[in-house]
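One structure below.
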Amino acid sequence: METRNLIGGTWIDAEDGSTISVHNPATDDELAVVPEHGAAETRQAIDAAWNAQADWAALPAANRSVYLSRLGASMRRDTERLATLMTMEQGKPLAEARGEIAYAISFLEWAAEEGKRVYGDIVPASSADKRILALRQPVGIAAIITPWNFPAAMITRKLGPALACGCTTVIKPAEATPLSAIAIGELACEVGIPAGVVNIVTGDAAAIGETLLDDDRVRKLSFTGSTNVGRLLMKQASKNLLRLSLELGGHAPFIVFDDANLDLVVDAAVACKFRNAGQTCICANRFYVQAGVYDEFNARFAAVISELSVGNGLQEGVHIGPLISDAAVSKVEEHVEDATSLGANVLAGAKRVRIDGLADRFYAPTLLAGMTPDMKLCREETFGPVAPVARFETEAEVIKLANASEYGLAAYFFTRDGARLWRVAEALEYGIIGANDGAPSTAQAPFGGVKHSGFGREGGKYVMDEYTELKYVSWRI
Ligand code: NAP
């Protein structure tokens, strides 16, 4: 298994030999060391991308599509290996890791097809001797910065469309989960993607980010991560007026109306909240349940939650793996203590789970009734397996509560009333709405947020706009 970085088709260590250790969050075992790159290696990666850019952009879309399809096929062939690697470096249960690899492949496959349909326009002119053409061309080098919670899919969701549109790339994965990124880089080499088209740098985030954003050959930044880092990168990106896609944090309301199908709701709530131990940008953060079903929902939700098994994600049957770091566990504890001190009622969990031979990084799936707006977990991302629930009476009241957030990524609601489906979907100030659906993410749909959750869309035909410039040609004939 390769553990160095891919730059210009070559695998390299850091110039000064420094490394970063990658650990399994479930066991604390060291899995590998990867290079600690900084400004110098990032410049080399930009040089490599720059040298490859013109040829890659000139390649017919159909040829680029073949590379993407091959990359997807290699990932599919290697699903078990990649999923195991992901569980080891990130902690999510193996079944979820397999699911993420399939999800990651779906972005490559979608981009392979959609890249062939990046059309321009011929616009009717206002004089007989003119023609107006609108052409789509690649923006140029795309910098890709990704988080640890989806170590493969957050890369391919950007890499697929960037390559399909004719952009070369420099990828900076999260420090906690570089191995999935490097494994994708290895497969990119195996399928013959030309040197310099895919480059990977791991290491000093601030130095890598500054170098990428300071270099005017880089023309696009696609970032997924926290709102605070997104804000900082947006400031730095102003120097070269970069094209930006910012997929940032979220704080999703999950609304259950009295008339909802509770069987469907409980299943969706469990999947939406506890996938990846609650470390998901679109996972439900706040549950609002209408008075008529409040007690029943809580009882049924608590019963299912209490059956979820917590442990090492490599072990068959485990539903909830470790949190990514000690700091993540402390944050969850802080949120739960704050909520209970302000009157929340513990219906399940609310404690660490200590397992012999494993790291002290497991937290029990938790249900808290009586959430109020002054609680931290009602405002900040908890990023852990904690479901706080509040009771509401009317539709107008819950819309107000749901929209009272600086974030605007995903929101969910459940009802059988057709008119309400329209009203509520339109009234929620979020980029993604799950209407009777707790799992809306899919490659062909536009994924992204509003407000402090960022801007830009990934997925579907929409993402192609993010990696192309629209050029206007006024043609006198
Ligand atoms: P993060 O701390 O913002 O880190 C994200 C990436 O940015 C990592 O690669 C990180 O590198 C890098 N980074 C940190 N500081 C940087 C700097 N000064 N310059 C350049 N890069 C820098 O976020 P995270 O904790 O990894 O991920 C969790 C967050 O991501 C949550 O807020 C979650 O909601 C959000 N998220 C959003 C989406 C979405 O689609 N909207 C999807 C998934 C996650 P290091 O790891 O080396 O520090």
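We label chains A, B, ... in the order they appear in the structure tokens, count residues from 1 in each chain, and number ligands from 1 in the order shown.
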Excluding segment 247-261 of chain A and any residue of its chain fewer than 3 positions from it, enumerate the residues within 7 Å of it, using only C-alpha atoms, and give them as a PyMOL selection string.
chain A and resi 223-227+230+264-265+281-290+292-293+381+402+407-416+448-449+453-455
Write a file of the selected residues as a short mmCIF file (atom, residue, chain, number, x, y, z; two decimals), in the first residue's frame, keeping N, CA and C atoms.
data_model
loop_
_atom_site.label_atom_id
_atom_site.label_comp_id
_atom_site.auth_asym_id
_atom_site.auth_seq_id
_atom_site.Cartn_x
_atom_site.Cartn_y
_atom_site.Cartn_z
N PHE A 223 -14.13 23.29 -1.40
CA PHE A 223 -13.82 22.95 -0.01
C PHE A 223 -15.04 22.33 0.65
N THR A 224 -14.83 21.25 1.36
CA THR A 224 -15.85 20.72 2.27
C THR A 224 -15.24 20.65 3.65
N GLY A 225 -15.92 21.26 4.61
CA GLY A 225 -15.39 21.25 5.97
C GLY A 225 -16.20 22.21 6.84
N SER A 226 -15.56 22.70 7.87
CA SER A 226 -16.29 23.52 8.84
C SER A 226 -16.50 24.95 8.31
N THR A 227 -17.50 25.59 8.86
CA THR A 227 -17.82 26.96 8.44
C THR A 227 -16.66 27.90 8.76
N GLY A 230 -13.98 27.47 6.23
CA GLY A 230 -14.54 27.97 4.96
C GLY A 230 -14.45 29.49 4.87
N LEU A 264 -42.02 4.64 9.29
CA LEU A 264 -41.07 5.26 8.36
C LEU A 264 -40.19 6.27 9.11
N VAL A 265 -40.81 7.05 9.98
CA VAL A 265 -40.10 8.12 10.68
C VAL A 265 -39.00 7.54 11.56
N CYS A 281 -22.48 15.88 8.01
CA CYS A 281 -22.90 17.29 7.91
C CYS A 281 -24.41 17.42 7.76
N ILE A 282 -25.06 16.44 7.16
CA ILE A 282 -26.51 16.56 6.96
C ILE A 282 -27.30 15.72 7.97
N CYS A 283 -26.63 15.22 9.01
CA CYS A 283 -27.40 14.39 9.94
C CYS A 283 -28.32 15.27 10.79
N ALA A 284 -29.43 14.67 11.25
CA ALA A 284 -30.40 15.42 12.05
C ALA A 284 -29.72 15.90 13.34
N ASN A 285 -29.86 17.19 13.62
CA ASN A 285 -29.30 17.73 14.86
C ASN A 285 -30.37 18.04 15.89
N ARG A 286 -31.56 18.46 15.37
CA ARG A 286 -32.64 18.87 16.28
C ARG A 286 -33.91 18.16 15.82
N PHE A 287 -34.55 17.44 16.72
CA PHE A 287 -35.83 16.79 16.39
C PHE A 287 -36.96 17.63 16.95
N TYR A 288 -37.94 17.93 16.11
CA TYR A 288 -39.16 18.63 16.55
C TYR A 288 -40.32 17.69 16.28
N VAL A 289 -41.05 17.32 17.34
CA VAL A 289 -42.12 16.33 17.16
C VAL A 289 -43.42 16.94 17.67
N GLN A 290 -44.47 16.82 16.83
CA GLN A 290 -45.75 17.46 17.18
C GLN A 290 -46.37 16.76 18.40
N GLY A 292 -49.11 15.51 19.42
CA GLY A 292 -49.93 14.29 19.37
C GLY A 292 -49.12 13.00 19.31
N VAL A 293 -47.89 13.05 18.78
CA VAL A 293 -47.09 11.81 18.66
C VAL A 293 -45.77 11.90 19.43
N GLU A 381 -23.10 22.40 15.93
CA GLU A 381 -23.01 21.01 15.49
C GLU A 381 -22.44 20.17 16.63
N ALA A 402 -37.39 25.80 13.16
CA ALA A 402 -36.47 25.10 12.25
C ALA A 402 -35.55 26.10 11.54
N TYR A 407 -27.20 28.04 10.10
CA TYR A 407 -26.91 27.05 9.06
C TYR A 407 -28.11 26.85 8.12
N GLY A 408 -27.84 26.28 6.96
CA GLY A 408 -28.92 26.03 6.01
C GLY A 408 -28.56 24.91 5.06
N LEU A 409 -28.09 23.77 5.61
CA LEU A 409 -27.68 22.68 4.71
C LEU A 409 -28.86 21.74 4.43
N ALA A 410 -29.25 20.93 5.41
CA ALA A 410 -30.34 19.97 5.16
C ALA A 410 -31.42 20.11 6.22
N ALA A 411 -32.66 19.80 5.83
CA ALA A 411 -33.79 19.77 6.77
C ALA A 411 -34.69 18.62 6.36
N TYR A 412 -35.36 18.04 7.34
CA TYR A 412 -36.21 16.87 7.08
C TYR A 412 -37.58 17.13 7.69
N PHE A 413 -38.64 16.64 7.01
CA PHE A 413 -39.93 16.67 7.68
C PHE A 413 -40.78 15.50 7.17
N PHE A 414 -41.70 15.09 8.04
CA PHE A 414 -42.50 13.89 7.76
C PHE A 414 -43.97 14.20 7.98
N THR A 415 -44.77 13.98 6.95
CA THR A 415 -46.21 14.23 7.01
C THR A 415 -46.87 13.44 5.88
N ARG A 416 -48.20 13.18 6.04
CA ARG A 416 -48.90 12.53 4.91
C ARG A 416 -49.81 13.53 4.20
N GLY A 448 -25.94 20.90 -1.51
CA GLY A 448 -25.27 22.11 -1.04
C GLY A 448 -26.18 22.92 -0.15
N GLY A 449 -25.60 23.95 0.46
CA GLY A 449 -26.34 24.69 1.48
C GLY A 449 -26.58 26.13 1.14
N SER A 453 -23.99 27.58 5.72
CA SER A 453 -23.61 26.25 5.22
C SER A 453 -22.90 26.36 3.87
N GLY A 454 -22.74 27.58 3.37
CA GLY A 454 -21.93 27.77 2.17
C GLY A 454 -22.73 27.96 0.91
N PHE A 455 -22.04 27.73 -0.21
CA PHE A 455 -22.69 27.92 -1.51
C PHE A 455 -21.98 27.07 -2.55
#
Could you give me, as number ranges by chain, the residues within 10 Å of segment 85-101 of chain A, counting only C-alpha atoms and dropping anything in the same chain fewer than 2 positions from it?
A: 22-32, 72, 75-76, 78-83, 103-106, 148-154, 156, 176-181, 183, 275-277, 279, 310-325
Please provide the set of residues having any atom within 9 Å of Pro161 of chain A, restricted to only C-alpha atoms, with same-chain residues fewer than 4 positions apart removed, written as a PyMOL selection string.
chain A and resi 107-108+110-112+114-115+156-157+165-167+458-459+463-464+466-467
I need the residues in segment 97-304 of chain A that are helix (DSSP H, G or I) according to DSSP; give them as number ranges by chain.
A: 97-117, 153-165, 178-190, 205-214, 227-237, 262-278, 291-304
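Considering the residues A:Ser405, A:Thr19, A:Thr10, A:Thr211 and counting only C-alpha atoms and all ligand atoms, ligand 1 has its shortest atom-to-atom contact with A:Thr211.
Of the listed residues (A:Val170, A:Ala142, A:Ile208, A:Ala62), A:Ile208 comes nearest to ligand 1; the distances count only C-alpha atoms and all ligand atoms.
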Per-residue DSSP, segment 58-170 of chain A, filtered to strand (DSSP E), as JSON, numbers by chain:
{"A": [121, 122, 123, 130, 131, 132, 133, 134, 135, 136, 137, 138, 141, 142, 143, 144, 145, 169, 170]}
Take the selection from the previous step and output its residues with C-alpha atoms, as a PDB file, in the first residue's frame.
ATOM      1  CA  ASP A 121     -25.438  27.643 -26.561  1.00  0.00           C
ATOM      2  CA  ILE A 122     -26.011  29.513 -29.776  1.00  0.00           C
ATOM      3  CA  VAL A 123     -28.073  32.535 -28.790  1.00  0.00           C
ATOM      4  CA  LYS A 130     -23.847  38.405 -36.005  1.00  0.00           C
ATOM      5  CA  ARG A 131     -23.900  35.103 -34.200  1.00  0.00           C
ATOM      6  CA  ILE A 132     -23.664  34.734 -30.432  1.00  0.00           C
ATOM      7  CA  LEU A 133     -21.934  31.694 -28.968  1.00  0.00           C
ATOM      8  CA  ALA A 134     -21.713  30.737 -25.299  1.00  0.00           C
ATOM      9  CA  LEU A 135     -18.950  28.176 -24.759  1.00  0.00           C
ATOM     10  CA  ARG A 136     -18.157  26.195 -21.621  1.00  0.00           C
ATOM     11  CA  GLN A 137     -14.454  25.776 -20.894  1.00  0.00           C
ATOM     12  CA  PRO A 138     -12.602  24.265 -17.915  1.00  0.00           C
ATOM     13  CA  ILE A 141      -6.478  23.941 -11.797  1.00  0.00           C
ATOM     14  CA  ALA A 142      -8.939  23.003  -9.044  1.00  0.00           C
ATOM     15  CA  ALA A 143      -7.801  22.846  -5.422  1.00  0.00           C
ATOM     16  CA  ILE A 144      -9.790  20.248  -3.490  1.00  0.00           C
ATOM     17  CA  ILE A 145      -9.790  20.315   0.329  1.00  0.00           C
ATOM     18  CA  THR A 169      -6.430  18.920  -9.461  1.00  0.00           C
ATOM     19  CA  VAL A 170      -4.450  19.264  -6.245  1.00  0.00           C
TER      20      VAL A 170
END
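Atom CA of Ala327 of chain A lies 17.3 Å from atom CA of Val229 of chain A.
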Do a neighbour search on Val66 of chain A at 10 Å with only C-alpha atoms, toss out local chain neighbours closer than 3 positions, and write the hits as a PyMOL selection string.
chain A and resi 61-63+69-72+109+112-113+164+191+193
Kindly export the residues of the current selection with all heavy atoms, as a PDB file, in the first residue's frame.
ATOM      1  N   ALA A  61     -13.980  15.116 -24.288  1.00  0.00           N
ATOM      2  CA  ALA A  61     -14.689  14.721 -23.068  1.00  0.00           C
ATOM      3  C   ALA A  61     -14.893  13.208 -23.031  1.00  0.00           C
ATOM      4  O   ALA A  61     -14.851  12.589 -21.959  1.00  0.00           O
ATOM      5  CB  ALA A  61     -16.028  15.445 -23.002  1.00  0.00           C
ATOM      6  N   ALA A  62     -15.110  12.608 -24.195  1.00  0.00           N
ATOM      7  CA  ALA A  62     -15.353  11.164 -24.236  1.00  0.00           C
ATOM      8  C   ALA A  62     -14.129  10.394 -23.734  1.00  0.00           C
ATOM      9  O   ALA A  62     -14.260   9.345 -23.096  1.00  0.00           O
ATOM     10  CB  ALA A  62     -15.702  10.731 -25.657  1.00  0.00           C
ATOM     11  N   ASN A  63     -12.934  10.915 -24.032  1.00  0.00           N
ATOM     12  CA  ASN A  63     -11.711  10.241 -23.548  1.00  0.00           C
ATOM     13  C   ASN A  63     -11.557  10.414 -22.044  1.00  0.00           C
ATOM     14  O   ASN A  63     -11.179   9.488 -21.330  1.00  0.00           O
ATOM     15  CB  ASN A  63     -10.470  10.804 -24.233  1.00  0.00           C
ATOM     16  CG  ASN A  63     -10.479  10.570 -25.725  1.00  0.00           C
ATOM     17  OD1 ASN A  63     -11.538  10.629 -26.349  1.00  0.00           O
ATOM     18  ND2 ASN A  63      -9.333  10.315 -26.294  1.00  0.00           N
ATOM     19  N   SER A  69     -14.518   6.327 -15.828  1.00  0.00           N
ATOM     20  CA  SER A  69     -15.208   5.037 -15.723  1.00  0.00           C
ATOM     21  C   SER A  69     -14.253   3.965 -15.217  1.00  0.00           C
ATOM     22  O   SER A  69     -14.604   3.132 -14.379  1.00  0.00           O
ATOM     23  CB  SER A  69     -15.754   4.582 -17.079  1.00  0.00           C
ATOM     24  OG  SER A  69     -16.645   5.529 -17.553  1.00  0.00           O
ATOM     25  N   ARG A  70     -13.016   4.020 -15.735  1.00  0.00           N
ATOM     26  CA  ARG A  70     -12.032   3.012 -15.302  1.00  0.00           C
ATOM     27  C   ARG A  70     -11.699   3.184 -13.826  1.00  0.00           C
ATOM     28  O   ARG A  70     -11.531   2.204 -13.100  1.00  0.00           O
ATOM     29  CB  ARG A  70     -10.740   3.153 -16.111  1.00  0.00           C
ATOM     30  CG  ARG A  70     -10.842   2.603 -17.516  1.00  0.00           C
ATOM     31  CD  ARG A  70      -9.399   2.479 -18.041  1.00  0.00           C
ATOM     32  NE  ARG A  70      -9.401   2.509 -19.488  1.00  0.00           N
ATOM     33  CZ  ARG A  70      -8.503   3.151 -20.221  1.00  0.00           C
ATOM     34  NH1 ARG A  70      -7.526   3.842 -19.662  1.00  0.00           N
ATOM     35  NH2 ARG A  70      -8.556   3.104 -21.526  1.00  0.00           N
ATOM     36  N   LEU A  71     -11.601   4.431 -13.388  1.00  0.00           N
ATOM     37  CA  LEU A  71     -11.298   4.674 -11.979  1.00  0.00           C
ATOM     38  C   LEU A  71     -12.434   4.130 -11.107  1.00  0.00           C
ATOM     39  O   LEU A  71     -12.197   3.470 -10.092  1.00  0.00           O
ATOM     40  CB  LEU A  71     -11.091   6.177 -11.732  1.00  0.00           C
ATOM     41  CG  LEU A  71     -10.743   6.588 -10.307  1.00  0.00           C
ATOM     42  CD1 LEU A  71      -9.497   5.869  -9.785  1.00  0.00           C
ATOM     43  CD2 LEU A  71     -10.531   8.112 -10.218  1.00  0.00           C
ATOM     44  N   GLY A  72     -13.670   4.383 -11.545  1.00  0.00           N
ATOM     45  CA  GLY A  72     -14.823   3.855 -10.799  1.00  0.00           C
ATOM     46  C   GLY A  72     -14.788   2.328 -10.748  1.00  0.00           C
ATOM     47  O   GLY A  72     -15.020   1.712  -9.698  1.00  0.00           O
ATOM     48  N   GLU A 109     -18.927   7.805 -11.791  1.00  0.00           N
ATOM     49  CA  GLU A 109     -19.720   7.297 -12.915  1.00  0.00           C
ATOM     50  C   GLU A 109     -20.632   8.391 -13.471  1.00  0.00           C
ATOM     51  O   GLU A 109     -20.809   8.523 -14.678  1.00  0.00           O
ATOM     52  CB  GLU A 109     -20.545   6.090 -12.457  1.00  0.00           C
ATOM     53  CG  GLU A 109     -19.658   4.872 -12.218  1.00  0.00           C
ATOM     54  CD  GLU A 109     -20.408   3.668 -11.698  1.00  0.00           C
ATOM     55  OE1 GLU A 109     -21.509   3.845 -11.143  1.00  0.00           O
ATOM     56  OE2 GLU A 109     -19.858   2.552 -11.827  1.00  0.00           O
ATOM     57  N   ALA A 112     -18.551  10.813 -15.390  1.00  0.00           N
ATOM     58  CA  ALA A 112     -18.091  10.227 -16.654  1.00  0.00           C
ATOM     59  C   ALA A 112     -19.154  10.430 -17.740  1.00  0.00           C
ATOM     60  O   ALA A 112     -18.841  10.693 -18.900  1.00  0.00           O
ATOM     61  CB  ALA A 112     -17.797   8.736 -16.475  1.00  0.00           C
ATOM     62  N   GLU A 113     -20.409  10.313 -17.365  1.00  0.00           N
ATOM     63  CA  GLU A 113     -21.493  10.504 -18.337  1.00  0.00           C
ATOM     64  C   GLU A 113     -21.780  11.983 -18.569  1.00  0.00           C
ATOM     65  O   GLU A 113     -21.908  12.446 -19.699  1.00  0.00           O
ATOM     66  CB  GLU A 113     -22.763   9.796 -17.845  1.00  0.00           C
ATOM     67  CG  GLU A 113     -22.639   8.284 -17.845  1.00  0.00           C
ATOM     68  CD  GLU A 113     -22.197   7.744 -19.189  1.00  0.00           C
ATOM     69  OE1 GLU A 113     -22.721   8.195 -20.224  1.00  0.00           O
ATOM     70  OE2 GLU A 113     -21.299   6.876 -19.211  1.00  0.00           O
ATOM     71  N   ALA A 164     -13.853  15.562 -15.316  1.00  0.00           N
ATOM     72  CA  ALA A 164     -14.763  15.463 -16.466  1.00  0.00           C
ATOM     73  C   ALA A 164     -14.799  16.767 -17.248  1.00  0.00           C
ATOM     74  O   ALA A 164     -14.904  16.766 -18.477  1.00  0.00           O
ATOM     75  CB  ALA A 164     -16.167  15.098 -15.983  1.00  0.00           C
ATOM     76  N   VAL A 191      -5.088   3.283 -13.614  1.00  0.00           N
ATOM     77  CA  VAL A 191      -5.949   3.336 -14.806  1.00  0.00           C
ATOM     78  C   VAL A 191      -5.385   4.281 -15.864  1.00  0.00           C
ATOM     79  O   VAL A 191      -6.018   4.506 -16.892  1.00  0.00           O
ATOM     80  CB  VAL A 191      -7.412   3.709 -14.452  1.00  0.00           C
ATOM     81  CG1 VAL A 191      -7.990   2.734 -13.451  1.00  0.00           C
ATOM     82  CG2 VAL A 191      -7.529   5.150 -13.936  1.00  0.00           C
ATOM     83  N   ILE A 193      -4.532   7.618 -15.720  1.00  0.00           N
ATOM     84  CA  ILE A 193      -4.799   9.068 -15.757  1.00  0.00           C
ATOM     85  C   ILE A 193      -3.449   9.771 -15.841  1.00  0.00           C
ATOM     86  O   ILE A 193      -2.545   9.471 -15.052  1.00  0.00           O
ATOM     87  CB  ILE A 193      -5.619   9.505 -14.517  1.00  0.00           C
ATOM     88  CG1 ILE A 193      -7.021   8.885 -14.605  1.00  0.00           C
ATOM     89  CG2 ILE A 193      -5.690  11.033 -14.422  1.00  0.00           C
ATOM     90  CD1 ILE A 193      -7.939   9.208 -13.452  1.00  0.00           C
TER      91      ILE A 193
END
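Using only C-alpha atoms for every distance, the candidate list A:Leu428, A:Val270, A:Ile399, A:Ala174 yields A:Ala174 as the residue closest to Asp204 of chain A.
Checking A:Thr382, A:Gln53, A:Thr146, A:Ser474 one by one against Val197 of chain A, counting only C-alpha atoms, you find the shortest gap at A:Gln53.
Atom CA of Gly438 of chain A sits 8.5 Å away from atom CA of Asp267 of chain A.
Each of A:Ala271, A:Leu213, A:Ala445, A:Ala364 was compared to ligand 1 using only C-alpha atoms and all ligand atoms, and A:Leu213 turns out to be the nearest.
Reported to one decimal place, the separation of atom 5 (C, counted along the ligand's line) of ligand 1 from atom CA of Val218 of chain A is 18.8 Å.
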